[in-house]
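Have a look at my_file-v8.txt; it's compact mmCIF, N, CA and C atoms:
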# COMPACT_ATOMS: atom_id res chain seq x y z
N VAL A 1 0.84 -1.19 0.00
CA VAL A 1 0.00 0.00 0.00
C VAL A 1 0.88 1.25 0.00
N GLN A 2 0.59 2.14 -0.91
CA GLN A 2 1.30 3.43 -0.96
C GLN A 2 0.30 4.53 -0.58
N LEU A 3 0.76 5.43 0.26
CA LEU A 3 -0.07 6.54 0.71
C LEU A 3 0.57 7.86 0.30
N VAL A 4 -0.22 8.74 -0.27
CA VAL A 4 0.28 10.04 -0.71
C VAL A 4 -0.62 11.14 -0.16
N GLU A 5 -0.02 12.02 0.64
CA GLU A 5 -0.76 13.15 1.19
C GLU A 5 -0.69 14.34 0.25
N SER A 6 -1.72 15.18 0.33
CA SER A 6 -1.73 16.43 -0.42
C SER A 6 -2.62 17.43 0.31
N GLY A 7 -2.51 18.68 -0.09
CA GLY A 7 -3.40 19.71 0.48
C GLY A 7 -2.76 20.61 1.51
N GLY A 8 -1.51 20.34 1.88
CA GLY A 8 -0.84 21.21 2.82
C GLY A 8 -0.53 22.56 2.20
N GLY A 9 -0.09 23.48 3.05
CA GLY A 9 0.26 24.80 2.57
C GLY A 9 0.34 25.79 3.70
N LEU A 10 0.38 27.06 3.34
CA LEU A 10 0.46 28.15 4.31
C LEU A 10 -0.92 28.80 4.44
N VAL A 11 -1.37 28.98 5.66
CA VAL A 11 -2.68 29.59 5.91
C VAL A 11 -2.56 30.50 7.11
N GLN A 12 -3.39 31.54 7.14
CA GLN A 12 -3.42 32.41 8.30
C GLN A 12 -4.16 31.75 9.45
N ALA A 13 -3.81 32.14 10.66
CA ALA A 13 -4.52 31.65 11.84
C ALA A 13 -6.01 31.93 11.67
N GLY A 14 -6.81 30.93 12.01
CA GLY A 14 -8.24 31.04 11.84
C GLY A 14 -8.74 30.49 10.51
N GLY A 15 -7.82 30.22 9.62
CA GLY A 15 -8.18 29.71 8.31
C GLY A 15 -8.39 28.21 8.30
N SER A 16 -8.60 27.67 7.09
CA SER A 16 -8.91 26.25 6.92
C SER A 16 -8.04 25.63 5.83
N LEU A 17 -7.82 24.36 5.97
CA LEU A 17 -7.17 23.54 4.94
C LEU A 17 -7.83 22.18 4.94
N ARG A 18 -7.79 21.53 3.79
CA ARG A 18 -8.29 20.16 3.68
C ARG A 18 -7.17 19.28 3.16
N LEU A 19 -6.74 18.35 3.97
CA LEU A 19 -5.72 17.39 3.57
C LEU A 19 -6.37 16.15 2.98
N SER A 20 -5.70 15.57 2.01
CA SER A 20 -6.14 14.32 1.41
C SER A 20 -5.04 13.29 1.53
N CYS A 21 -5.45 12.04 1.61
CA CYS A 21 -4.51 10.91 1.63
C CYS A 21 -5.03 9.88 0.66
N ALA A 22 -4.34 9.74 -0.46
CA ALA A 22 -4.76 8.79 -1.49
C ALA A 22 -3.96 7.51 -1.35
N ALA A 23 -4.67 6.40 -1.29
CA ALA A 23 -4.03 5.09 -1.17
C ALA A 23 -4.03 4.40 -2.52
N SER A 24 -2.98 3.63 -2.77
CA SER A 24 -2.88 2.84 -3.98
C SER A 24 -2.20 1.52 -3.66
N GLY A 25 -2.34 0.58 -4.55
CA GLY A 25 -1.74 -0.72 -4.34
C GLY A 25 -2.76 -1.78 -3.94
N ARG A 26 -3.69 -1.38 -3.12
CA ARG A 26 -4.82 -2.23 -2.76
C ARG A 26 -5.84 -1.36 -2.04
N THR A 27 -7.04 -1.89 -1.91
CA THR A 27 -8.07 -1.13 -1.22
C THR A 27 -7.79 -1.07 0.28
N VAL A 28 -8.04 0.08 0.87
CA VAL A 28 -7.85 0.25 2.31
C VAL A 28 -9.18 0.37 3.04
N ALA A 29 -10.25 -0.05 2.38
CA ALA A 29 -11.58 0.10 2.95
C ALA A 29 -11.71 -0.60 4.31
N ALA A 30 -10.96 -1.67 4.51
CA ALA A 30 -11.07 -2.43 5.76
C ALA A 30 -10.04 -2.00 6.79
N TYR A 31 -9.24 -1.00 6.46
CA TYR A 31 -8.16 -0.55 7.34
C TYR A 31 -8.63 0.61 8.21
N THR A 32 -8.03 0.72 9.38
CA THR A 32 -8.12 1.97 10.14
C THR A 32 -7.12 2.95 9.53
N MET A 33 -7.58 4.16 9.30
CA MET A 33 -6.72 5.19 8.72
C MET A 33 -6.53 6.31 9.74
N GLY A 34 -5.32 6.83 9.78
CA GLY A 34 -5.06 7.86 10.78
C GLY A 34 -4.22 9.01 10.25
N TRP A 35 -4.30 10.12 10.96
CA TRP A 35 -3.45 11.28 10.71
C TRP A 35 -2.59 11.54 11.94
N PHE A 36 -1.33 11.77 11.70
CA PHE A 36 -0.40 12.14 12.74
C PHE A 36 0.31 13.41 12.27
N ARG A 37 0.95 14.10 13.20
CA ARG A 37 1.72 15.28 12.82
C ARG A 37 2.98 15.37 13.66
N GLN A 38 3.97 16.05 13.08
CA GLN A 38 5.23 16.23 13.78
C GLN A 38 5.75 17.63 13.50
N ALA A 39 5.91 18.38 14.57
CA ALA A 39 6.47 19.73 14.48
C ALA A 39 7.98 19.64 14.75
N PRO A 40 8.74 20.61 14.29
CA PRO A 40 10.20 20.59 14.51
C PRO A 40 10.54 20.47 15.99
N GLY A 41 11.42 19.54 16.31
CA GLY A 41 11.86 19.36 17.68
C GLY A 41 10.89 18.63 18.58
N LYS A 42 9.78 18.16 18.00
CA LYS A 42 8.78 17.46 18.80
C LYS A 42 8.56 16.05 18.27
N GLU A 43 7.97 15.23 19.10
CA GLU A 43 7.66 13.86 18.69
C GLU A 43 6.41 13.86 17.82
N ARG A 44 6.31 12.81 17.02
CA ARG A 44 5.11 12.64 16.21
C ARG A 44 3.93 12.42 17.15
N GLU A 45 2.82 13.08 16.85
CA GLU A 45 1.65 12.95 17.72
C GLU A 45 0.40 12.61 16.93
N PHE A 46 -0.49 11.93 17.60
CA PHE A 46 -1.76 11.54 17.01
C PHE A 46 -2.65 12.75 16.81
N VAL A 47 -3.35 12.77 15.68
CA VAL A 47 -4.29 13.84 15.38
C VAL A 47 -5.72 13.30 15.30
N ALA A 48 -5.93 12.32 14.43
CA ALA A 48 -7.27 11.77 14.24
C ALA A 48 -7.18 10.42 13.55
N ALA A 49 -8.22 9.61 13.71
CA ALA A 49 -8.27 8.32 13.05
C ALA A 49 -9.72 7.97 12.74
N ILE A 50 -9.88 7.09 11.75
CA ILE A 50 -11.21 6.63 11.37
C ILE A 50 -11.13 5.14 11.05
N THR A 51 -12.05 4.38 11.63
CA THR A 51 -12.05 2.94 11.42
C THR A 51 -12.77 2.59 10.13
N TRP A 52 -12.75 1.29 9.79
CA TRP A 52 -13.42 0.85 8.58
C TRP A 52 -14.92 1.10 8.68
N GLY A 53 -15.43 1.09 9.91
CA GLY A 53 -16.86 1.28 10.11
C GLY A 53 -17.27 2.73 10.26
N GLY A 54 -16.30 3.63 10.20
CA GLY A 54 -16.61 5.06 10.31
C GLY A 54 -16.47 5.64 11.71
N GLY A 55 -16.03 4.81 12.67
CA GLY A 55 -15.79 5.34 13.99
C GLY A 55 -14.61 6.30 13.97
N THR A 56 -14.72 7.40 14.70
CA THR A 56 -13.67 8.41 14.66
C THR A 56 -13.05 8.65 16.03
N TYR A 57 -11.80 9.05 15.98
CA TYR A 57 -11.03 9.37 17.17
C TYR A 57 -10.34 10.71 16.90
N TYR A 58 -10.24 11.55 17.93
CA TYR A 58 -9.56 12.83 17.79
C TYR A 58 -8.68 13.11 19.01
N ALA A 59 -7.57 13.77 18.77
CA ALA A 59 -6.79 14.33 19.86
C ALA A 59 -7.59 15.46 20.47
N ASP A 60 -7.45 15.64 21.78
CA ASP A 60 -8.18 16.72 22.45
C ASP A 60 -7.86 18.08 21.85
N SER A 61 -6.64 18.25 21.38
CA SER A 61 -6.20 19.54 20.88
C SER A 61 -6.89 19.94 19.57
N VAL A 62 -7.49 18.99 18.87
CA VAL A 62 -8.12 19.31 17.59
C VAL A 62 -9.62 19.04 17.57
N LYS A 63 -10.12 18.47 18.65
CA LYS A 63 -11.55 18.12 18.72
C LYS A 63 -12.40 19.37 18.54
N GLY A 64 -13.38 19.28 17.68
CA GLY A 64 -14.26 20.42 17.41
C GLY A 64 -13.77 21.32 16.30
N ARG A 65 -12.51 21.15 15.89
CA ARG A 65 -11.94 21.98 14.80
C ARG A 65 -11.61 21.15 13.58
N PHE A 66 -11.20 19.91 13.78
CA PHE A 66 -10.81 19.03 12.67
C PHE A 66 -11.86 17.95 12.49
N THR A 67 -12.04 17.53 11.25
CA THR A 67 -12.96 16.45 10.94
C THR A 67 -12.29 15.46 9.99
N ILE A 68 -12.26 14.21 10.38
CA ILE A 68 -11.69 13.16 9.54
C ILE A 68 -12.82 12.44 8.82
N SER A 69 -12.56 12.06 7.58
CA SER A 69 -13.56 11.33 6.81
C SER A 69 -12.84 10.46 5.79
N ARG A 70 -13.61 9.57 5.15
CA ARG A 70 -13.01 8.71 4.15
C ARG A 70 -14.03 8.44 3.05
N ASP A 71 -13.50 8.21 1.87
CA ASP A 71 -14.31 7.84 0.71
C ASP A 71 -13.73 6.53 0.19
N ASN A 72 -14.34 5.44 0.58
CA ASN A 72 -13.78 4.14 0.21
C ASN A 72 -13.84 3.90 -1.30
N ALA A 73 -14.79 4.48 -1.96
CA ALA A 73 -14.87 4.32 -3.42
C ALA A 73 -13.66 4.95 -4.10
N LYS A 74 -13.10 5.98 -3.48
CA LYS A 74 -11.92 6.65 -4.03
C LYS A 74 -10.64 6.21 -3.34
N ASN A 75 -10.78 5.33 -2.35
CA ASN A 75 -9.59 4.87 -1.60
C ASN A 75 -8.83 6.05 -1.01
N THR A 76 -9.57 7.00 -0.49
CA THR A 76 -9.00 8.27 -0.04
C THR A 76 -9.56 8.67 1.32
N MET A 77 -8.71 9.28 2.12
CA MET A 77 -9.09 9.79 3.42
C MET A 77 -8.85 11.30 3.43
N TYR A 78 -9.61 12.00 4.25
CA TYR A 78 -9.50 13.45 4.31
C TYR A 78 -9.37 13.94 5.75
N LEU A 79 -8.80 15.12 5.87
CA LEU A 79 -8.78 15.81 7.16
C LEU A 79 -9.14 17.27 6.91
N GLN A 80 -10.34 17.65 7.30
CA GLN A 80 -10.76 19.03 7.20
C GLN A 80 -10.32 19.75 8.46
N MET A 81 -9.50 20.78 8.28
CA MET A 81 -8.95 21.50 9.42
C MET A 81 -9.47 22.93 9.40
N ASN A 82 -10.24 23.28 10.40
CA ASN A 82 -10.80 24.63 10.53
C ASN A 82 -10.21 25.33 11.75
N SER A 83 -10.37 26.63 11.79
CA SER A 83 -9.90 27.43 12.93
C SER A 83 -8.45 27.09 13.28
N LEU A 84 -7.62 27.06 12.27
CA LEU A 84 -6.23 26.67 12.48
C LEU A 84 -5.50 27.65 13.38
N LYS A 85 -4.61 27.09 14.18
CA LYS A 85 -3.80 27.85 15.12
C LYS A 85 -2.32 27.69 14.77
N PRO A 86 -1.48 28.62 15.19
CA PRO A 86 -0.04 28.47 14.92
C PRO A 86 0.51 27.14 15.45
N GLU A 87 -0.03 26.66 16.55
CA GLU A 87 0.46 25.40 17.11
C GLU A 87 0.04 24.17 16.30
N ASP A 88 -0.79 24.35 15.30
CA ASP A 88 -1.15 23.24 14.40
C ASP A 88 -0.10 23.05 13.30
N ALA A 89 0.82 23.97 13.18
CA ALA A 89 1.84 23.87 12.14
C ALA A 89 2.72 22.64 12.36
N ALA A 90 2.87 21.85 11.32
CA ALA A 90 3.63 20.60 11.42
C ALA A 90 3.64 19.93 10.06
N VAL A 91 4.40 18.86 9.98
CA VAL A 91 4.26 17.95 8.84
C VAL A 91 3.18 16.93 9.23
N TYR A 92 2.19 16.79 8.37
CA TYR A 92 1.07 15.87 8.63
C TYR A 92 1.27 14.60 7.81
N TYR A 93 1.15 13.48 8.50
CA TYR A 93 1.33 12.18 7.88
C TYR A 93 0.03 11.38 7.94
N CYS A 94 -0.27 10.67 6.88
CA CYS A 94 -1.37 9.72 6.96
C CYS A 94 -0.79 8.32 7.10
N ALA A 95 -1.59 7.45 7.69
CA ALA A 95 -1.13 6.10 7.97
C ALA A 95 -2.30 5.13 7.89
N ALA A 96 -1.97 3.85 7.65
CA ALA A 96 -2.98 2.81 7.53
C ALA A 96 -2.63 1.63 8.41
N ASP A 97 -3.62 1.14 9.13
CA ASP A 97 -3.46 -0.01 10.03
C ASP A 97 -4.33 -1.14 9.52
N ARG A 98 -3.72 -2.28 9.24
CA ARG A 98 -4.45 -3.40 8.68
C ARG A 98 -5.38 -4.07 9.69
N LEU A 99 -5.07 -3.88 10.98
CA LEU A 99 -5.80 -4.63 12.00
C LEU A 99 -6.74 -3.71 12.76
N TYR A 100 -7.96 -4.15 12.91
CA TYR A 100 -8.89 -3.47 13.81
C TYR A 100 -9.35 -4.47 14.85
N THR A 101 -9.33 -4.05 16.10
CA THR A 101 -9.83 -4.91 17.15
C THR A 101 -10.62 -4.10 18.17
N ALA A 102 -11.77 -4.61 18.53
CA ALA A 102 -12.60 -3.95 19.52
C ALA A 102 -12.01 -4.09 20.92
N TYR A 103 -11.02 -4.99 21.07
CA TYR A 103 -10.44 -5.25 22.39
C TYR A 103 -9.30 -4.30 22.72
N ASP A 104 -8.95 -3.44 21.82
CA ASP A 104 -7.88 -2.47 22.05
C ASP A 104 -8.36 -1.12 21.52
N PRO A 105 -9.25 -0.49 22.26
CA PRO A 105 -9.89 0.74 21.75
C PRO A 105 -8.94 1.91 21.55
N ASP A 106 -7.77 1.86 22.18
CA ASP A 106 -6.82 2.95 22.01
C ASP A 106 -5.83 2.71 20.88
N ARG A 107 -5.96 1.58 20.23
CA ARG A 107 -5.00 1.24 19.16
C ARG A 107 -4.91 2.32 18.09
N PRO A 108 -6.04 2.88 17.63
CA PRO A 108 -5.93 3.89 16.57
C PRO A 108 -5.11 5.12 16.95
N ARG A 109 -4.88 5.33 18.23
CA ARG A 109 -4.13 6.51 18.67
C ARG A 109 -2.61 6.27 18.71
N ARG A 110 -2.21 5.03 18.51
CA ARG A 110 -0.79 4.68 18.64
C ARG A 110 -0.11 4.60 17.28
N ALA A 111 0.95 5.37 17.10
CA ALA A 111 1.67 5.37 15.83
C ALA A 111 2.24 4.00 15.52
N GLY A 112 2.68 3.28 16.55
CA GLY A 112 3.28 1.98 16.35
C GLY A 112 2.34 0.93 15.81
N ALA A 113 1.04 1.19 15.85
CA ALA A 113 0.07 0.22 15.35
C ALA A 113 -0.06 0.25 13.84
N TYR A 114 0.40 1.30 13.21
CA TYR A 114 0.17 1.49 11.77
C TYR A 114 1.25 0.82 10.93
N ASP A 115 0.79 0.23 9.83
CA ASP A 115 1.69 -0.54 8.97
C ASP A 115 2.25 0.27 7.81
N TYR A 116 1.51 1.24 7.35
CA TYR A 116 1.91 2.00 6.16
C TYR A 116 1.83 3.49 6.47
N TRP A 117 2.79 4.23 5.91
CA TRP A 117 2.86 5.67 6.14
C TRP A 117 3.12 6.41 4.84
N GLY A 118 2.56 7.62 4.77
CA GLY A 118 2.88 8.50 3.66
C GLY A 118 4.13 9.31 3.96
N GLN A 119 4.50 10.15 3.00
CA GLN A 119 5.72 10.95 3.14
C GLN A 119 5.48 12.26 3.87
N GLY A 120 4.23 12.64 4.02
CA GLY A 120 3.92 13.85 4.77
C GLY A 120 3.65 15.05 3.89
N THR A 121 2.87 15.97 4.43
CA THR A 121 2.59 17.23 3.77
C THR A 121 2.70 18.34 4.82
N GLN A 122 3.35 19.44 4.42
CA GLN A 122 3.65 20.50 5.36
C GLN A 122 2.45 21.44 5.53
N VAL A 123 2.14 21.74 6.77
CA VAL A 123 1.12 22.74 7.09
C VAL A 123 1.78 23.85 7.90
N ALA A 124 1.68 25.07 7.41
CA ALA A 124 2.23 26.22 8.11
C ALA A 124 1.08 27.19 8.42
N VAL A 125 1.09 27.75 9.62
CA VAL A 125 0.03 28.65 10.05
C VAL A 125 0.66 29.94 10.55
N SER A 126 0.33 31.03 9.89
CA SER A 126 0.89 32.32 10.28
C SER A 126 -0.03 33.01 11.29
N SER A 127 0.58 33.68 12.24
CA SER A 127 -0.23 34.35 13.28
C SER A 127 -0.53 35.79 12.91
Would you kindly transcribe this structure into structure tokens?
Amino acid sequence: VQLVESGGGLVQAGGSLRLSCAASGRTVAAYTMGWFRQAPGKEREFVAAITWGGGTYYADSVKGRFTISRDNAKNTMYLQMNSLKPEDAAVYYCAADRLYTAYDPDRPRRAGAYDYWGQGTQVAVSS
């Protein structure tokens, strides 16, 4: 599976961006898909995830501002980011996890659970 992010760029604080993650190689309809981000000098952190069934997870820092979605017919995942803040600036990565289990509800939040990663797309937010 290859993942390619797009949609990053420079936006003013309070603005919006929509990131896309296009998968190829095989269908990811049965996979949990996630977004992570990494700012300079910081560790990669969880942003949002969506299961094959449409269940969603969000980091507290983005809840109410970001919305994750997927279009299985297009093999694509999205992250709508509204009310952007300077602290949202980072490289955003999409990832795919082949395994879903109801017995590990926090799995989608863990970077180590994901099998495939994209190369990232830069998001910059000016104050």
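Among the candidates A:Gln80, A:Ala95, A:Trp52, A:Ser6, the one nearest to Arg109 in chain A when counting only C-alpha atoms is A:Ala95.
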Practice item. Give me the residues within 6.5 Å of range 21-37 of chain A as a PyMOL selection string, counting all atoms listed in the file and dropping any in the same chain fewer than 2 places off. Key: chain A and resi 1-6+19+39+43-52+72+74-79+90-100
Practice item. Name the residues of range 4-126 of chain A that fall into strand (DSSP E) according to DSSP on the backbone, using the chain letters and numbers of this document, as a PyMOL selection string. Key: chain A and resi 4-6+9-12+17-24+32-38+45-50+56-58+66-71+76-81+90-97+116-117+121-126
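The coordinates place atom N of Ser83 in chain A at 23.8 Å from atom N of Gly54 in chain A.
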Point to revise | DSSP helix (DSSP H, G or I) residues within chain A, as a PyMOL selection string | key: chain A and resi 86-88+107-109+111-113
Check your understanding: Mind pulling up the distance from atom N of Ile68 in chain A to atom N of Ser16 in chain A?
Key ->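 Here the two named atoms are 14.3 Å from each other.
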Practice item. Would you kindly identify which residues have an atom no farther than 6 Å from (-7.4, 28.1, 12.8), using only N, CA and C atoms and the file's own coordinates, and write them out as a ChimeraX atom specification? Key: /A:12-16,82-85
Exercise for review: Counting all atoms listed in the file, select every polymer residue within 6.5 Å of (2.8, 27.2, 11.4) as defined in the file's coordinates, and provide the selection as a PyMOL selection string.
Suggested key: chain A and resi 85-90+123-126
Please supply range 94-119 of chain A, rebuilt with N, CA, C and O atoms, as a PDB file, in the coordinates of the input.
ATOM      1  N   CYS A  94      -0.270  10.670   6.880  1.00  0.00           N
ATOM      2  CA  CYS A  94      -1.370   9.720   6.960  1.00  0.00           C
ATOM      3  C   CYS A  94      -0.790   8.320   7.100  1.00  0.00           C
ATOM      4  O   CYS A  94       0.349   8.058   6.711  1.00  0.00           O
ATOM      5  N   ALA A  95      -1.590   7.450   7.690  1.00  0.00           N
ATOM      6  CA  ALA A  95      -1.130   6.100   7.970  1.00  0.00           C
ATOM      7  C   ALA A  95      -2.300   5.130   7.890  1.00  0.00           C
ATOM      8  O   ALA A  95      -3.452   5.515   8.039  1.00  0.00           O
ATOM      9  N   ALA A  96      -1.970   3.850   7.650  1.00  0.00           N
ATOM     10  CA  ALA A  96      -2.980   2.810   7.530  1.00  0.00           C
ATOM     11  C   ALA A  96      -2.630   1.630   8.410  1.00  0.00           C
ATOM     12  O   ALA A  96      -1.474   1.184   8.438  1.00  0.00           O
ATOM     13  N   ASP A  97      -3.620   1.140   9.130  1.00  0.00           N
ATOM     14  CA  ASP A  97      -3.460  -0.010  10.030  1.00  0.00           C
ATOM     15  C   ASP A  97      -4.330  -1.140   9.520  1.00  0.00           C
ATOM     16  O   ASP A  97      -5.555  -0.995   9.422  1.00  0.00           O
ATOM     17  N   ARG A  98      -3.720  -2.280   9.240  1.00  0.00           N
ATOM     18  CA  ARG A  98      -4.450  -3.400   8.680  1.00  0.00           C
ATOM     19  C   ARG A  98      -5.380  -4.070   9.690  1.00  0.00           C
ATOM     20  O   ARG A  98      -6.329  -4.747   9.320  1.00  0.00           O
ATOM     21  N   LEU A  99      -5.070  -3.880  10.980  1.00  0.00           N
ATOM     22  CA  LEU A  99      -5.800  -4.630  12.000  1.00  0.00           C
ATOM     23  C   LEU A  99      -6.740  -3.710  12.760  1.00  0.00           C
ATOM     24  O   LEU A  99      -6.351  -2.627  13.201  1.00  0.00           O
ATOM     25  N   TYR A 100      -7.960  -4.150  12.910  1.00  0.00           N
ATOM     26  CA  TYR A 100      -8.890  -3.470  13.810  1.00  0.00           C
ATOM     27  C   TYR A 100      -9.350  -4.470  14.850  1.00  0.00           C
ATOM     28  O   TYR A 100      -9.679  -5.594  14.539  1.00  0.00           O
ATOM     29  N   THR A 101      -9.330  -4.050  16.100  1.00  0.00           N
ATOM     30  CA  THR A 101      -9.830  -4.910  17.150  1.00  0.00           C
ATOM     31  C   THR A 101     -10.620  -4.100  18.170  1.00  0.00           C
ATOM     32  O   THR A 101     -10.185  -3.027  18.602  1.00  0.00           O
ATOM     33  N   ALA A 102     -11.770  -4.610  18.530  1.00  0.00           N
ATOM     34  CA  ALA A 102     -12.600  -3.950  19.520  1.00  0.00           C
ATOM     35  C   ALA A 102     -12.010  -4.090  20.920  1.00  0.00           C
ATOM     36  O   ALA A 102     -12.440  -3.399  21.853  1.00  0.00           O
ATOM     37  N   TYR A 103     -11.020  -4.990  21.070  1.00  0.00           N
ATOM     38  CA  TYR A 103     -10.440  -5.250  22.390  1.00  0.00           C
ATOM     39  C   TYR A 103      -9.300  -4.300  22.720  1.00  0.00           C
ATOM     40  O   TYR A 103      -8.728  -4.379  23.804  1.00  0.00           O
ATOM     41  N   ASP A 104      -8.950  -3.440  21.820  1.00  0.00           N
ATOM     42  CA  ASP A 104      -7.880  -2.470  22.050  1.00  0.00           C
ATOM     43  C   ASP A 104      -8.360  -1.120  21.520  1.00  0.00           C
ATOM     44  O   ASP A 104      -7.915  -0.657  20.467  1.00  0.00           O
ATOM     45  N   PRO A 105      -9.250  -0.490  22.260  1.00  0.00           N
ATOM     46  CA  PRO A 105      -9.890   0.740  21.750  1.00  0.00           C
ATOM     47  C   PRO A 105      -8.940   1.910  21.550  1.00  0.00           C
ATOM     48  O   PRO A 105      -9.259   2.844  20.823  1.00  0.00           O
ATOM     49  N   ASP A 106      -7.770   1.860  22.180  1.00  0.00           N
ATOM     50  CA  ASP A 106      -6.820   2.950  22.010  1.00  0.00           C
ATOM     51  C   ASP A 106      -5.830   2.710  20.880  1.00  0.00           C
ATOM     52  O   ASP A 106      -4.975   3.556  20.597  1.00  0.00           O
ATOM     53  N   ARG A 107      -5.960   1.580  20.230  1.00  0.00           N
ATOM     54  CA  ARG A 107      -5.000   1.240  19.160  1.00  0.00           C
ATOM     55  C   ARG A 107      -4.910   2.320  18.090  1.00  0.00           C
ATOM     56  O   ARG A 107      -3.811   2.663  17.669  1.00  0.00           O
ATOM     57  N   PRO A 108      -6.040   2.880  17.630  1.00  0.00           N
ATOM     58  CA  PRO A 108      -5.930   3.890  16.570  1.00  0.00           C
ATOM     59  C   PRO A 108      -5.110   5.120  16.950  1.00  0.00           C
ATOM     60  O   PRO A 108      -4.701   5.879  16.062  1.00  0.00           O
ATOM     61  N   ARG A 109      -4.880   5.330  18.230  1.00  0.00           N
ATOM     62  CA  ARG A 109      -4.130   6.510  18.670  1.00  0.00           C
ATOM     63  C   ARG A 109      -2.610   6.270  18.710  1.00  0.00           C
ATOM     64  O   ARG A 109      -1.847   7.194  18.931  1.00  0.00           O
ATOM     65  N   ARG A 110      -2.210   5.030  18.510  1.00  0.00           N
ATOM     66  CA  ARG A 110      -0.790   4.680  18.640  1.00  0.00           C
ATOM     67  C   ARG A 110      -0.110   4.600  17.280  1.00  0.00           C
ATOM     68  O   ARG A 110      -0.475   3.792  16.435  1.00  0.00           O
ATOM     69  N   ALA A 111       0.950   5.370  17.100  1.00  0.00           N
ATOM     70  CA  ALA A 111       1.670   5.370  15.830  1.00  0.00           C
ATOM     71  C   ALA A 111       2.240   4.000  15.520  1.00  0.00           C
ATOM     72  O   ALA A 111       2.296   3.584  14.362  1.00  0.00           O
ATOM     73  N   GLY A 112       2.680   3.280  16.550  1.00  0.00           N
ATOM     74  CA  GLY A 112       3.280   1.980  16.350  1.00  0.00           C
ATOM     75  C   GLY A 112       2.340   0.930  15.810  1.00  0.00           C
ATOM     76  O   GLY A 112       2.793  -0.120  15.332  1.00  0.00           O
ATOM     77  N   ALA A 113       1.040   1.190  15.850  1.00  0.00           N
ATOM     78  CA  ALA A 113       0.070   0.220  15.350  1.00  0.00           C
ATOM     79  C   ALA A 113      -0.060   0.250  13.840  1.00  0.00           C
ATOM     80  O   ALA A 113      -0.574  -0.697  13.245  1.00  0.00           O
ATOM     81  N   TYR A 114       0.400   1.300  13.210  1.00  0.00           N
ATOM     82  CA  TYR A 114       0.170   1.490  11.770  1.00  0.00           C
ATOM     83  C   TYR A 114       1.250   0.820  10.930  1.00  0.00           C
ATOM     84  O   TYR A 114       2.432   0.869  11.257  1.00  0.00           O
ATOM     85  N   ASP A 115       0.790   0.230   9.830  1.00  0.00           N
ATOM     86  CA  ASP A 115       1.690  -0.540   8.970  1.00  0.00           C
ATOM     87  C   ASP A 115       2.250   0.270   7.810  1.00  0.00           C
ATOM     88  O   ASP A 115       3.347  -0.020   7.324  1.00  0.00           O
ATOM     89  N   TYR A 116       1.510   1.240   7.350  1.00  0.00           N
ATOM     90  CA  TYR A 116       1.910   2.000   6.160  1.00  0.00           C
ATOM     91  C   TYR A 116       1.830   3.490   6.470  1.00  0.00           C
ATOM     92  O   TYR A 116       0.909   3.943   7.156  1.00  0.00           O
ATOM     93  N   TRP A 117       2.790   4.230   5.910  1.00  0.00           N
ATOM     94  CA  TRP A 117       2.860   5.670   6.140  1.00  0.00           C
ATOM     95  C   TRP A 117       3.120   6.410   4.840  1.00  0.00           C
ATOM     96  O   TRP A 117       3.816   5.906   3.947  1.00  0.00           O
ATOM     97  N   GLY A 118       2.560   7.620   4.770  1.00  0.00           N
ATOM     98  CA  GLY A 118       2.880   8.500   3.660  1.00  0.00           C
ATOM     99  C   GLY A 118       4.130   9.310   3.960  1.00  0.00           C
ATOM    100  O   GLY A 118       4.719   9.189   5.045  1.00  0.00           O
ATOM    101  N   GLN A 119       4.500  10.150   3.000  1.00  0.00           N
ATOM    102  CA  GLN A 119       5.720  10.950   3.140  1.00  0.00           C
ATOM    103  C   GLN A 119       5.480  12.260   3.870  1.00  0.00           C
ATOM    104  O   GLN A 119       6.435  12.929   4.271  1.00  0.00           O
TER     105      GLN A 119
END
